[in-house]
>>> print(open('protein-v1.pdb').read())   # PDB, C-alpha atoms and all ligand atoms
ATOM      1  CA  MET Z   1     123.790   1.510   2.787  1.00  0.00           C
ATOM      2  CA  HIS Z   2     125.537  -1.866   3.217  1.00  0.00           C
ATOM      3  CA  ARG Z   3     127.379  -2.239   6.499  1.00  0.00           C
ATOM      4  CA  LEU Z   4     130.575  -4.314   6.743  1.00  0.00           C
ATOM      5  CA  GLY Z   5     132.275  -5.780   9.803  1.00  0.00           C
ATOM      6  CA  ILE Z   6     135.874  -6.731   9.049  1.00  0.00           C
ATOM      7  CA  LEU Z   7     137.845  -9.196  11.181  1.00  0.00           C
ATOM      8  CA  GLY Z   8     141.630  -9.477  10.971  1.00  0.00           C
ATOM      9  CA  SER Z   9     144.726 -10.599  12.805  1.00  0.00           C
ATOM     10  CA  GLY Z  10     147.501  -9.059  10.712  1.00  0.00           C
ATOM     11  CA  LYS Z  11     148.621  -6.083   8.750  1.00  0.00           C
ATOM     12  CA  GLY Z  12     145.277  -5.180   7.216  1.00  0.00           C
ATOM     13  CA  SER Z  13     146.207  -4.502   3.601  1.00  0.00           C
ATOM     14  CA  ASN Z  14     142.949  -6.050   2.350  1.00  0.00           C
ATOM     15  CA  MET Z  15     140.918  -3.885   4.727  1.00  0.00           C
ATOM     16  CA  VAL Z  16     142.724  -0.813   3.355  1.00  0.00           C
ATOM     17  CA  ALA Z  17     141.975  -1.931  -0.231  1.00  0.00           C
ATOM     18  CA  ILE Z  18     138.283  -2.305   0.660  1.00  0.00           C
ATOM     19  CA  ALA Z  19     138.246   1.140   2.331  1.00  0.00           C
ATOM     20  CA  LYS Z  20     139.838   2.680  -0.789  1.00  0.00           C
ATOM     21  CA  ALA Z  21     137.271   1.038  -3.069  1.00  0.00           C
ATOM     22  CA  ILE Z  22     134.523   2.542  -0.908  1.00  0.00           C
ATOM     23  CA  GLN Z  23     136.187   5.971  -1.040  1.00  0.00           C
ATOM     24  CA  ASN Z  24     136.472   5.922  -4.828  1.00  0.00           C
ATOM     25  CA  HIS Z  25     132.925   4.555  -5.243  1.00  0.00           C
ATOM     26  CA  THR Z  26     133.928   1.357  -7.039  1.00  0.00           C
ATOM     27  CA  LEU Z  27     132.275  -0.264  -4.021  1.00  0.00           C
ATOM     28  CA  PRO Z  28     129.200   1.940  -3.757  1.00  0.00           C
ATOM     29  CA  ASP Z  29     126.729   2.454  -0.881  1.00  0.00           C
ATOM     30  CA  THR Z  30     128.947   0.578   1.528  1.00  0.00           C
ATOM     31  CA  LYS Z  31     130.495   1.462   4.874  1.00  0.00           C
ATOM     32  CA  ILE Z  32     132.967  -0.356   7.112  1.00  0.00           C
ATOM     33  CA  GLU Z  33     131.116  -0.099  10.425  1.00  0.00           C
ATOM     34  CA  ILE Z  34     133.652  -1.906  12.552  1.00  0.00           C
ATOM     35  CA  VAL Z  35     137.065  -3.554  12.369  1.00  0.00           C
ATOM     36  CA  ILE Z  36     137.845  -6.155  15.015  1.00  0.00           C
ATOM     37  CA  ALA Z  37     141.220  -7.792  15.669  1.00  0.00           C
ATOM     38  CA  ASP Z  38     142.152 -10.669  17.961  1.00  0.00           C
ATOM     39  CA  ASN Z  39     145.613  -9.181  18.468  1.00  0.00           C
ATOM     40  CA  PRO Z  40     146.007  -5.754  20.068  1.00  0.00           C
ATOM     41  CA  ASP Z  41     149.152  -5.047  17.997  1.00  0.00           C
ATOM     42  CA  ALA Z  42     147.634  -5.942  14.624  1.00  0.00           C
ATOM     43  CA  GLY Z  43     148.346  -3.369  11.924  1.00  0.00           C
ATOM     44  CA  ILE Z  44     144.727  -3.622  10.817  1.00  0.00           C
ATOM     45  CA  LEU Z  45     143.653  -1.702  13.966  1.00  0.00           C
ATOM     46  CA  GLU Z  46     146.110   1.112  13.313  1.00  0.00           C
ATOM     47  CA  HIS Z  47     145.118   1.363   9.651  1.00  0.00           C
ATOM     48  CA  ALA Z  48     141.429   1.419  10.572  1.00  0.00           C
ATOM     49  CA  SER Z  49     141.880   4.170  13.160  1.00  0.00           C
ATOM     50  CA  ALA Z  50     143.932   6.215  10.673  1.00  0.00           C
ATOM     51  CA  LEU Z  51     141.032   5.909   8.229  1.00  0.00           C
ATOM     52  CA  GLY Z  52     138.522   7.012  10.878  1.00  0.00           C
ATOM     53  CA  ILE Z  53     136.955   3.547  11.120  1.00  0.00           C
ATOM     54  CA  HIS Z  54     135.795   2.248  14.489  1.00  0.00           C
ATOM     55  CA  ALA Z  55     138.372  -0.388  15.516  1.00  0.00           C
ATOM     56  CA  GLU Z  56     138.308  -2.750  18.483  1.00  0.00           C
ATOM     57  CA  TYR Z  57     140.609  -5.376  19.879  1.00  0.00           C
ATOM     58  CA  ILE Z  58     138.527  -8.208  21.318  1.00  0.00           C
ATOM     59  CA  CYS Z  59     140.326 -10.970  23.198  1.00  0.00           C
ATOM     60  CA  ALA Z  60     139.759 -14.357  21.552  1.00  0.00           C
ATOM     61  CA  GLY Z  61     140.334 -16.453  24.672  1.00  0.00           C
ATOM     62  CA  THR Z  62     142.973 -19.089  25.271  1.00  0.00           C
ATOM     63  CA  SER Z  63     142.606 -21.170  22.086  1.00  0.00           C
ATOM     64  CA  LYS Z  64     145.137 -20.320  19.374  1.00  0.00           C
ATOM     65  CA  SER Z  65     142.957 -21.343  16.441  1.00  0.00           C
ATOM     66  CA  ARG Z  66     139.338 -20.586  17.437  1.00  0.00           C
ATOM     67  CA  LEU Z  67     137.209 -18.118  19.358  1.00  0.00           C
ATOM     68  CA  ASP Z  68     136.555 -19.453  22.866  1.00  0.00           C
ATOM     69  CA  GLY Z  69     132.893 -19.663  24.016  1.00  0.00           C
ATOM     70  CA  GLN Z  70     132.565 -16.265  25.714  1.00  0.00           C
ATOM     71  CA  ALA Z  71     134.926 -14.631  23.236  1.00  0.00           C
ATOM     72  CA  GLU Z  72     132.788 -15.927  20.380  1.00  0.00           C
ATOM     73  CA  GLN Z  73     129.733 -14.298  21.984  1.00  0.00           C
ATOM     74  CA  ASN Z  74     131.670 -11.049  22.429  1.00  0.00           C
ATOM     75  CA  TYR Z  75     132.525 -11.019  18.724  1.00  0.00           C
ATOM     76  CA  ILE Z  76     128.943 -11.774  17.726  1.00  0.00           C
ATOM     77  CA  GLU Z  77     127.608  -9.032  20.007  1.00  0.00           C
ATOM     78  CA  ALA Z  78     130.063  -6.405  18.737  1.00  0.00           C
ATOM     79  CA  LEU Z  79     129.117  -7.205  15.120  1.00  0.00           C
ATOM     80  CA  ASN Z  80     125.412  -7.146  15.966  1.00  0.00           C
ATOM     81  CA  ARG Z  81     125.743  -3.824  17.812  1.00  0.00           C
ATOM     82  CA  ALA Z  82     127.339  -2.433  14.654  1.00  0.00           C
ATOM     83  CA  ASN Z  83     124.391  -3.874  12.738  1.00  0.00           C
ATOM     84  CA  VAL Z  84     126.574  -5.383  10.028  1.00  0.00           C
ATOM     85  CA  ASP Z  85     125.105  -6.925   6.881  1.00  0.00           C
ATOM     86  CA  LEU Z  86     128.254  -8.803   5.910  1.00  0.00           C
ATOM     87  CA  VAL Z  87     131.170 -10.169   7.939  1.00  0.00           C
ATOM     88  CA  VAL Z  88     134.418  -9.916   5.967  1.00  0.00           C
ATOM     89  CA  LEU Z  89     137.347 -12.026   7.128  1.00  0.00           C
ATOM     90  CA  ALA Z  90     140.586 -10.348   6.061  1.00  0.00           C
ATOM     91  CA  GLY Z  91     143.500 -12.305   7.422  1.00  0.00           C
ATOM     92  CA  PHE Z  92     141.583 -13.497  10.492  1.00  0.00           C
ATOM     93  CA  MET Z  93     143.592 -16.496  11.661  1.00  0.00           C
ATOM     94  CA  ARG Z  94     140.803 -18.412  13.410  1.00  0.00           C
ATOM     95  CA  ILE Z  95     138.352 -21.116  12.426  1.00  0.00           C
ATOM     96  CA  ILE Z  96     134.743 -19.920  12.521  1.00  0.00           C
ATOM     97  CA  LYS Z  97     132.578 -22.220  14.654  1.00  0.00           C
ATOM     98  CA  PRO Z  98     128.864 -23.121  14.331  1.00  0.00           C
ATOM     99  CA  ALA Z  99     127.432 -20.481  16.722  1.00  0.00           C
ATOM    100  CA  PHE Z 100     129.141 -17.698  14.786  1.00  0.00           C
ATOM    101  CA  LEU Z 101     128.122 -19.227  11.452  1.00  0.00           C
ATOM    102  CA  ALA Z 102     124.522 -19.421  12.651  1.00  0.00           C
ATOM    103  CA  ALA Z 103     124.541 -15.793  13.862  1.00  0.00           C
ATOM    104  CA  PHE Z 104     125.533 -14.567  10.375  1.00  0.00           C
ATOM    105  CA  ASP Z 105     124.075 -17.319   8.245  1.00  0.00           C
ATOM    106  CA  GLY Z 106     125.306 -17.000   4.641  1.00  0.00           C
ATOM    107  CA  ARG Z 107     126.789 -13.580   5.424  1.00  0.00           C
ATOM    108  CA  ILE Z 108     130.460 -14.370   6.092  1.00  0.00           C
ATOM    109  CA  ILE Z 109     133.134 -14.243   3.396  1.00  0.00           C
ATOM    110  CA  ASN Z 110     136.877 -14.908   3.390  1.00  0.00           C
ATOM    111  CA  ILE Z 111     139.869 -14.425   1.118  1.00  0.00           C
ATOM    112  CA  HIS Z 112     142.381 -17.242   0.774  1.00  0.00           C
ATOM    113  CA  PRO Z 113     145.774 -16.958  -0.951  1.00  0.00           C
ATOM    114  CA  SER Z 114     145.380 -19.875  -3.392  1.00  0.00           C
ATOM    115  CA  LEU Z 115     143.188 -20.994  -6.248  1.00  0.00           C
ATOM    116  CA  LEU Z 116     140.857 -23.140  -4.128  1.00  0.00           C
ATOM    117  CA  PRO Z 117     140.230 -26.025  -3.842  1.00  0.00           C
ATOM    118  CA  ALA Z 118     144.025 -26.313  -4.186  1.00  0.00           C
ATOM    119  CA  PHE Z 119     146.238 -25.518  -1.201  1.00  0.00           C
ATOM    120  CA  LYS Z 120     143.827 -25.054   1.687  1.00  0.00           C
ATOM    121  CA  GLY Z 121     145.228 -24.096   5.084  1.00  0.00           C
ATOM    122  CA  LEU Z 122     148.240 -22.088   6.172  1.00  0.00           C
ATOM    123  CA  ARG Z 123     150.891 -20.432   3.954  1.00  0.00           C
ATOM    124  CA  ALA Z 124     149.156 -21.489   0.767  1.00  0.00           C
ATOM    125  CA  TRP Z 125     151.594 -19.582  -1.443  1.00  0.00           C
ATOM    126  CA  GLU Z 126     154.442 -21.728  -0.066  1.00  0.00           C
ATOM    127  CA  GLN Z 127     152.433 -24.864  -0.737  1.00  0.00           C
ATOM    128  CA  ALA Z 128     151.964 -23.665  -4.340  1.00  0.00           C
ATOM    129  CA  LEU Z 129     155.665 -22.981  -4.760  1.00  0.00           C
ATOM    130  CA  GLU Z 130     156.615 -26.364  -3.327  1.00  0.00           C
ATOM    131  CA  ALA Z 131     154.135 -28.119  -5.627  1.00  0.00           C
ATOM    132  CA  GLY Z 132     155.762 -26.430  -8.616  1.00  0.00           C
ATOM    133  CA  VAL Z 133     152.551 -25.018 -10.074  1.00  0.00           C
ATOM    134  CA  LYS Z 134     152.964 -22.373 -12.771  1.00  0.00           C
ATOM    135  CA  THR Z 135     149.751 -20.540 -11.882  1.00  0.00           C
ATOM    136  CA  ALA Z 136     148.874 -19.491  -8.341  1.00  0.00           C
ATOM    137  CA  GLY Z 137     146.285 -17.001  -7.146  1.00  0.00           C
ATOM    138  CA  CYS Z 138     143.612 -16.114  -4.627  1.00  0.00           C
ATOM    139  CA  THR Z 139     139.976 -16.931  -3.932  1.00  0.00           C
ATOM    140  CA  VAL Z 140     137.105 -15.101  -2.244  1.00  0.00           C
ATOM    141  CA  HIS Z 141     134.591 -17.592  -0.892  1.00  0.00           C
ATOM    142  CA  MET Z 142     131.632 -17.941   1.435  1.00  0.00           C
ATOM    143  CA  VAL Z 143     132.550 -19.294   4.859  1.00  0.00           C
ATOM    144  CA  ASN Z 144     130.994 -22.579   5.971  1.00  0.00           C
ATOM    145  CA  ALA Z 145     131.806 -25.174   8.617  1.00  0.00           C
ATOM    146  CA  ASP Z 146     134.716 -26.625   6.635  1.00  0.00           C
ATOM    147  CA  VAL Z 147     137.918 -24.593   6.393  1.00  0.00           C
ATOM    148  CA  ASP Z 148     138.512 -22.870   3.008  1.00  0.00           C
ATOM    149  CA  SER Z 149     135.628 -24.796   1.441  1.00  0.00           C
ATOM    150  CA  GLY Z 150     132.591 -22.539   0.952  1.00  0.00           C
ATOM    151  CA  ARG Z 151     131.078 -21.489  -2.366  1.00  0.00           C
ATOM    152  CA  ILE Z 152     133.580 -19.636  -4.547  1.00  0.00           C
ATOM    153  CA  ILE Z 153     132.650 -16.025  -5.371  1.00  0.00           C
ATOM    154  CA  LYS Z 154     135.693 -14.794  -7.277  1.00  0.00           C
ATOM    155  CA  GLN Z 155     139.232 -15.862  -8.146  1.00  0.00           C
ATOM    156  CA  ALA Z 156     142.303 -14.271  -9.701  1.00  0.00           C
ATOM    157  CA  ALA Z 157     145.329 -16.076 -11.122  1.00  0.00           C
ATOM    158  CA  VAL Z 158     148.946 -14.960 -11.028  1.00  0.00           C
ATOM    159  CA  ASP Z 159     151.867 -16.452 -12.944  1.00  0.00           C
ATOM    160  CA  VAL Z 160     154.598 -18.157 -10.942  1.00  0.00           C
ATOM    161  CA  ALA Z 161     157.961 -17.104 -12.380  1.00  0.00           C
ATOM    162  CA  PRO Z 162     161.013 -19.398 -12.146  1.00  0.00           C
ATOM    163  CA  GLU Z 163     162.756 -16.829  -9.939  1.00  0.00           C
ATOM    164  CA  ASP Z 164     159.818 -16.408  -7.542  1.00  0.00           C
ATOM    165  CA  THR Z 165     160.459 -16.862  -3.822  1.00  0.00           C
ATOM    166  CA  ALA Z 166     157.797 -17.373  -1.178  1.00  0.00           C
ATOM    167  CA  GLU Z 167     157.945 -13.638  -0.461  1.00  0.00           C
ATOM    168  CA  SER Z 168     157.694 -12.467  -4.079  1.00  0.00           C
ATOM    169  CA  LEU Z 169     154.868 -14.884  -4.853  1.00  0.00           C
ATOM    170  CA  HIS Z 170     152.973 -13.837  -1.738  1.00  0.00           C
ATOM    171  CA  ALA Z 171     153.379 -10.171  -2.739  1.00  0.00           C
ATOM    172  CA  LYS Z 172     151.963 -10.872  -6.226  1.00  0.00           C
ATOM    173  CA  ILE Z 173     149.036 -12.790  -4.754  1.00  0.00           C
ATOM    174  CA  GLN Z 174     148.307  -9.966  -2.307  1.00  0.00           C
ATOM    175  CA  GLU Z 175     148.228  -7.442  -5.160  1.00  0.00           C
ATOM    176  CA  ALA Z 176     145.570  -9.590  -6.822  1.00  0.00           C
ATOM    177  CA  GLU Z 177     143.683  -9.905  -3.524  1.00  0.00           C
ATOM    178  CA  HIS Z 178     143.425  -6.138  -3.225  1.00  0.00           C
ATOM    179  CA  ILE Z 179     141.714  -6.025  -6.621  1.00  0.00           C
ATOM    180  CA  ILE Z 180     139.279  -8.916  -6.257  1.00  0.00           C
ATOM    181  CA  TYR Z 181     138.182  -8.564  -2.628  1.00  0.00           C
ATOM    182  CA  PRO Z 182     136.317  -5.266  -3.170  1.00  0.00           C
ATOM    183  CA  GLN Z 183     134.882  -6.664  -6.432  1.00  0.00           C
ATOM    184  CA  ALA Z 184     133.679  -9.822  -4.697  1.00  0.00           C
ATOM    185  CA  ILE Z 185     132.061  -7.806  -1.895  1.00  0.00           C
ATOM    186  CA  ARG Z 186     130.228  -5.787  -4.501  1.00  0.00           C
ATOM    187  CA  THR Z 187     129.029  -8.992  -6.160  1.00  0.00           C
ATOM    188  CA  VAL Z 188     127.719 -10.326  -2.842  1.00  0.00           C
ATOM    189  CA  LEU Z 189     126.013  -7.057  -1.865  1.00  0.00           C
ATOM    190  CA  CYS Z 190     124.820  -5.762  -5.229  1.00  0.00           C
ATOM    191  CA  GLY Z 191     124.717  -8.887  -7.405  1.00  0.00           C
ATOM    192  CA  HIS Z 192     127.169  -7.482  -9.986  1.00  0.00           C
TER     193      HIS Z 192
HETATM  194  C1  LIG O   1     145.907 -12.424   2.982  1.00  0.00           C
HETATM  195  O1  LIG O   1     147.000 -12.845   2.215  1.00  0.00           O
HETATM  196  C2  LIG O   1     144.769 -13.423   2.907  1.00  0.00           C
HETATM  197  O2  LIG O   1     144.787 -14.190   1.766  1.00  0.00           O
HETATM  198  C3  LIG O   1     144.996 -14.284   4.112  1.00  0.00           C
HETATM  199  O3  LIG O   1     145.571 -13.431   5.072  1.00  0.00           O
HETATM  200  C4  LIG O   1     146.251 -12.351   4.450  1.00  0.00           C
HETATM  201  C5  LIG O   1     145.808 -11.070   5.092  1.00  0.00           C
HETATM  202  O4  LIG O   1     146.612 -10.001   4.750  1.00  0.00           O
HETATM  203  N1  LIG O   1     143.738 -14.886   4.497  1.00  0.00           N
HETATM  204  P1  LIG O   1     146.229  -8.526   5.203  1.00  0.00           P
HETATM  205  O5  LIG O   1     146.159  -8.527   6.727  1.00  0.00           O
HETATM  206  O6  LIG O   1     144.927  -8.162   4.572  1.00  0.00           O
HETATM  207  O7  LIG O   1     147.356  -7.670   4.719  1.00  0.00           O
END
>>> encode(input="protein-v1.pdb", output="structure tokens")
Amino acid sequence: MHRLGILGSGKGSNMVAIAKAIQNHTLPDTKIEIVIADNPDAGILEHASALGIHAEYICAGTSKSRLDGQAEQNYIEALNRANVDLVVLAGFMRIIKPAFLAAFDGRIINIHPSLLPAFKGLRAWEQALEAGVKTAGCTVHMVNADVDSGRIIKQAAVDVAPEDTAESLHAKIQEAEHIIYPQAIRTVLCGH
């Protein structure tokens, strides 16, 4: 049995997609052991509880973009207590620092709403729209010390239509995310 720890800050639609893939056995022999959010009001916590998954809010400290020293340790300890094999970032809005990377060496993955290496950073779908690209998409990648830069595991492309707005493009990209994130997790855990 592969054990996942999922970290999020937002609505949790990717976590739900992963849970569904586990339920319908397209992601076999896998369990979400713990969901952790850095925001007590994050939808991801509510969705996890509704699915019977252990969910915890853990304070991230005073920094807006990172996990503060003690908070970082608290996250590492919670994931270790849950004995997770893979840390899955699903809309977790913080940069992962060296101590966390070292604690789960080569076992942290992320999903980013662009075809990396294009459009790293925040609101990537807006960056794509502003750049006028005709193909956007999403990327699942390993997490390393540089933001949105680790080895690419899987990508999906979506067409940008002339009438697309930031909202409609983001919605299309999220639909693709929900398909490829479970597939990418399977690739990492099972090799296929
Ligand atoms: C996704 O669009 C992902 O690409 C980005 O954060 C968003 C999380 O959405 N990293 P959700 O919380 O899974 O709905």
>>> axis_aligned_box(input="protein-v1.pdb", around="ligand LIG 1 (chain O)", padding_each_side="3 Å", output="lines of an AutoDock Vina configuration file")
center_x = 145.5
center_y = -11.3
center_z = 4.2
size_x = 9.6
size_y = 13.2
size_z = 11.0
>>> residues_near_point(input="protein-v1.pdb", point="(131.5, -16.1, 14.4)", cutoff="9 Å", atoms="only C-alpha atoms", output="VMD selection string")
chain Z and resid 67 72 to 73 75 to 76 87 95 to 104 108
>>> residues_near_ligand(input="protein-v1.pdb", ligand="ligand LIG 1 (chain O)", cutoff="8 Å", atoms="only C-alpha atoms and all ligand atoms", output="list in words")
Gly8, Ser9, Gly10, Lys11, Gly12, Ser13, Asn14, Met15, Val16, Gly43, Ile44, Leu89, Ala90, Gly91, Phe92, Met93, Asn110, Ile111, His112, Pro113, Ser114, Cys138, Thr139, His170, Ile173, Gln174 and Glu177 of chain Z
>>> closest_atom_pairs(input="protein-v1.pdb", of="stretch 166-192 of chain Z", to="stretch 19-24 of chain Z", cutoff="12 Å", atoms="only C-alpha atoms", output="CSV")
residue,atom,partner,partner_atom,distance
Z:His178,CA,Z:Ala21,CA,9.5
Z:Ile179,CA,Z:Ala21,CA,9.1
Z:Ile180,CA,Z:Ala21,CA,10.6
Z:Tyr181,CA,Z:Ala21,CA,9.7
Z:Pro182,CA,Z:Ala21,CA,6.4
Z:Gln183,CA,Z:Ala21,CA,8.7
Z:Ala184,CA,Z:Ala21,CA,11.6
Z:Ile185,CA,Z:Ala21,CA,10.3
Z:Arg186,CA,Z:Ala21,CA,9.9
>>> residues_around(input="protein-v1.pdb", residues="Z:Val147", least_positions_apart="4", cutoff="8 Å", atoms="only C-alpha atoms", output="PyMOL selection string")
chain Z and resi 95+120-121+143
>>> closest_residue(input="protein-v1.pdb", among="Z:Ala157, Z:Leu189, Z:Ala42, Z:Ala17", to="Z:Leu86", atoms="all atoms listed in the file")
Z:Leu189
>>> resolve_selection(input="protein-v1.pdb", expression="the PyMOL selection byres (((chain Z and resi 52) around 12) and not hetatm)", output="ChimeraX atom specification")
/Z:16,19,31-35,45-51,53-55
>>> resolve_selection(input="protein-v1.pdb", expression="the PyMOL selection byres (((chain Z and resi 74) around 12) and not hetatm)", output="JSON list (two decimals) with C-alpha atoms, in the coordinates of the input")
[["chain", "number", "residue", "atom", "x", "y", "z"],
["Z", 36, "ILE", "CA", 137.84, -6.16, 15.02],
["Z", 38, "ASP", "CA", 142.15, -10.67, 17.96],
["Z", 56, "GLU", "CA", 138.31, -2.75, 18.48],
["Z", 57, "TYR", "CA", 140.61, -5.38, 19.88],
["Z", 58, "ILE", "CA", 138.53, -8.21, 21.32],
["Z", 59, "CYS", "CA", 140.33, -10.97, 23.20],
["Z", 60, "ALA", "CA", 139.76, -14.36, 21.55],
["Z", 61, "GLY", "CA", 140.33, -16.45, 24.67],
["Z", 67, "LEU", "CA", 137.21, -18.12, 19.36],
["Z", 68, "ASP", "CA", 136.56, -19.45, 22.87],
["Z", 69, "GLY", "CA", 132.89, -19.66, 24.02],
["Z", 70, "GLN", "CA", 132.56, -16.26, 25.71],
["Z", 71, "ALA", "CA", 134.93, -14.63, 23.24],
["Z", 72, "GLU", "CA", 132.79, -15.93, 20.38],
["Z", 73, "GLN", "CA", 129.73, -14.30, 21.98],
["Z", 75, "TYR", "CA", 132.52, -11.02, 18.72],
["Z", 76, "ILE", "CA", 128.94, -11.77, 17.73],
["Z", 77, "GLU", "CA", 127.61, -9.03, 20.01],
["Z", 78, "ALA", "CA", 130.06, -6.40, 18.74],
["Z", 79, "LEU", "CA", 129.12, -7.20, 15.12],
["Z", 80, "ASN", "CA", 125.41, -7.15, 15.97],
["Z", 81, "ARG", "CA", 125.74, -3.82, 17.81],
["Z", 99, "ALA", "CA", 127.43, -20.48, 16.72],
["Z", 100, "PHE", "CA", 129.14, -17.70, 14.79]]
